[in-house]
Amino acid sequence: MTENIIKVGMADLGHTRHPGVLVTLGLGSCVGIALYDKKEKIVGLAHIMLPWSFQARNNANEAKFADTGIRLLLKRMLADGASLKNIIAKLAGGAQMFTFSGASDMMRVGQRNVEAAKEILNSLKIPVISEDTGGNHGRTIELYSDDGRLKIKTIGYGIKYI
């Protein structure tokens with residue numbers, strides 16, 4: 001059985017049934033939200049850039065924002081047979097890629113993305129069981145449908161699974 005490898009771009013999302021792998025590259029301040037239905041073996045991945053759609057003038061792309069992207073991904077997974085009670089979440093990304101002197105909260109995009117993702121997932125009663133967030137380094141992630149493991153590749157930090 002060959003795995004179906006699906007690339008998820010920036011401000012994009014995707015999902016698949018087993019056997020499959022969802023991959024997204026270059027998570028800096030962006031956050032990868034990995035959802036996994038452990039019973040149906042359906043995985044979903046959103047690569048969000050910003051926390052809240054209502055704070056942006058150009059908000060037509062729902063996948064760009066934590067609030068709309070997570071809900072859209074969940075809607076698609078449920079339509080494909082996933083069950084909300086079986087879904088768990090893992091988060092990666094949300095780095096502070098640049099340093100600003102006297103930086104305001106608006107400049108802490110990575111941290112705000114992580115906080116928004118957790119707030120949305122909590123409101124949907126989806127538990128975040130693990131995360132690799134923050135720091136000042138980019139990440140590439142791969143989400144596997146067989147067991148929901150999330151492979152995180154970081155230049156200078158190696159590879160780890162959560």
# chains A, B, ... in the order shown; residues from 1 in each chain; ligands from 1
>>> residues_around(residues="region 145-148 of chain A", least_positions_apart="2", cutoff="10 Å", atoms="only C-alpha atoms", output="list of chain:residue names")
A:Glu3, A:Asn4, A:His15, A:Thr16, A:Arg17, A:His18, A:Pro19, A:Gly20, A:Val21, A:Leu22, A:Ala34, A:Leu35, A:Tyr36, A:Asp37, A:Lys38, A:Lys39, A:Glu40, A:Lys41, A:Ile42, A:Val43, A:Gly44, A:Ile88, A:Ala89, A:Lys90, A:Glu142, A:Leu143, A:Leu150, A:Lys151, A:Ile162
>>> write_last_selection(atoms="N, CA and C atoms", output="compact mmCIF listing (two decimals), in the first residue's frame")
# COMPACT_ATOMS: atom_id res chain seq x y z
N GLU A 3 1.75 5.18 0.28
CA GLU A 3 1.20 6.34 0.98
C GLU A 3 0.93 7.46 0.00
N ASN A 4 -0.15 8.14 0.23
CA ASN A 4 -0.54 9.30 -0.53
C ASN A 4 0.11 10.51 0.14
N HIS A 15 -6.49 17.33 3.94
CA HIS A 15 -6.74 16.17 4.78
C HIS A 15 -6.74 14.92 3.90
N THR A 16 -6.57 13.77 4.53
CA THR A 16 -6.60 12.51 3.80
C THR A 16 -6.91 11.37 4.76
N ARG A 17 -7.38 10.29 4.17
CA ARG A 17 -7.58 9.04 4.91
C ARG A 17 -6.29 8.23 4.82
N HIS A 18 -6.19 7.22 5.67
CA HIS A 18 -5.05 6.30 5.65
C HIS A 18 -5.08 5.49 4.35
N PRO A 19 -3.97 5.25 3.66
CA PRO A 19 -2.60 5.64 4.02
C PRO A 19 -2.25 7.00 3.41
N GLY A 20 -1.72 7.89 4.22
CA GLY A 20 -1.35 9.19 3.71
C GLY A 20 -0.42 9.95 4.63
N VAL A 21 0.27 10.91 4.04
CA VAL A 21 1.16 11.79 4.78
C VAL A 21 0.88 13.21 4.31
N LEU A 22 0.68 14.11 5.25
CA LEU A 22 0.51 15.53 4.95
C LEU A 22 1.81 16.23 5.31
N ALA A 34 -2.12 20.14 13.31
CA ALA A 34 -2.29 18.76 12.87
C ALA A 34 -3.45 18.14 13.63
N LEU A 35 -4.45 17.67 12.91
CA LEU A 35 -5.59 17.00 13.52
C LEU A 35 -5.58 15.53 13.12
N TYR A 36 -5.96 14.66 14.05
CA TYR A 36 -5.93 13.22 13.80
C TYR A 36 -7.12 12.54 14.44
N ASP A 37 -7.90 11.83 13.61
CA ASP A 37 -8.96 10.97 14.12
C ASP A 37 -8.36 9.58 14.25
N LYS A 38 -8.10 9.18 15.49
CA LYS A 38 -7.37 7.93 15.73
C LYS A 38 -8.18 6.69 15.36
N LYS A 39 -9.50 6.79 15.37
CA LYS A 39 -10.33 5.63 15.04
C LYS A 39 -10.47 5.45 13.52
N GLU A 40 -10.75 6.52 12.81
CA GLU A 40 -10.94 6.45 11.36
C GLU A 40 -9.64 6.61 10.58
N LYS A 41 -8.57 6.99 11.29
CA LYS A 41 -7.25 7.24 10.66
C LYS A 41 -7.36 8.29 9.54
N ILE A 42 -7.99 9.40 9.90
CA ILE A 42 -8.09 10.55 9.00
C ILE A 42 -7.23 11.65 9.60
N VAL A 43 -6.34 12.21 8.78
CA VAL A 43 -5.46 13.29 9.25
C VAL A 43 -5.80 14.57 8.49
N GLY A 44 -5.59 15.70 9.18
CA GLY A 44 -5.79 17.00 8.56
C GLY A 44 -4.69 17.94 9.02
N ILE A 88 -7.72 14.48 17.94
CA ILE A 88 -6.73 15.13 18.81
C ILE A 88 -5.92 16.09 17.94
N ALA A 89 -5.21 17.02 18.59
CA ALA A 89 -4.43 18.02 17.86
C ALA A 89 -2.99 18.05 18.35
N LYS A 90 -2.11 18.41 17.43
CA LYS A 90 -0.70 18.68 17.72
C LYS A 90 -0.36 19.98 17.01
N GLU A 142 5.69 16.67 8.97
CA GLU A 142 5.02 15.60 8.25
C GLU A 142 4.08 14.90 9.22
N LEU A 143 2.82 14.77 8.83
CA LEU A 143 1.79 14.13 9.67
C LEU A 143 1.40 12.80 9.03
N LEU A 150 3.70 13.14 14.38
CA LEU A 150 4.09 14.36 13.69
C LEU A 150 5.61 14.43 13.71
N LYS A 151 6.20 14.36 12.52
CA LYS A 151 7.65 14.45 12.37
C LYS A 151 8.00 15.92 12.16
N ILE A 162 6.54 14.01 17.62
CA ILE A 162 5.64 14.28 18.74
C ILE A 162 4.28 13.66 18.42
>>> residues_around(residues="Ile141 (chain A)", least_positions_apart="2", cutoff="8 Å", atoms="only C-alpha atoms", output="list in words")
Val23, Thr24, Leu25, Gly32, Ala92, Arg139, Leu143, Leu150, Lys151, Ile152 and Lys153 of chain A
>>> write_last_selection(atoms="C-alpha atoms", output="PDB file, in the first residue's frame")
ATOM      1  CA  VAL A  23       3.608  17.726   4.578  1.00  0.00           C
ATOM      2  CA  THR A  24       4.122  21.446   5.044  1.00  0.00           C
ATOM      3  CA  LEU A  25       7.395  23.327   4.628  1.00  0.00           C
ATOM      4  CA  GLY A  32       0.881  23.933  11.598  1.00  0.00           C
ATOM      5  CA  ALA A  92       4.202  23.099  15.524  1.00  0.00           C
ATOM      6  CA  ARG A 139      10.249  23.869  10.957  1.00  0.00           C
ATOM      7  CA  LEU A 143       1.793  14.130   9.670  1.00  0.00           C
ATOM      8  CA  LEU A 150       4.092  14.358  13.688  1.00  0.00           C
ATOM      9  CA  LYS A 151       7.653  14.455  12.367  1.00  0.00           C
ATOM     10  CA  ILE A 152       9.359  17.806  12.898  1.00  0.00           C
ATOM     11  CA  LYS A 153      12.516  18.677  10.979  1.00  0.00           C
TER      12      LYS A 153
END
>>> residues_around(residues="His47 (chain A)", least_positions_apart="5", cutoff="12 Å", atoms="only C-alpha atoms", output="number ranges by chain")
A: 7-15, 22-35, 61-66, 68-70, 73, 91-94, 113-114, 117, 139-142
>>> select_by_dssp(residues="chain A", states="strand (DSSP E or B)", output="PyMOL selection string")
chain A and resi 4-7+12-17+20-27+31-37+42-48+50+65+87-93+128-133+139-144+150-154+158-161
>>> atom_distance(atom1="CA of Leu74 (chain A)", atom2="CA of Ser123 (chain A)")
12.7 Å
>>> closest_residue(among="A:Val109, A:Gly135, A:Phe54, A:Tyr144", to="Tyr157 (chain A)", atoms="only C-alpha atoms")
A:Gly135
>>> closest_residue(among="A:Lys125, A:Ile120, A:Thr99, A:Arg112", to="Lys85 (chain A)", atoms="only C-alpha atoms")
A:Lys125
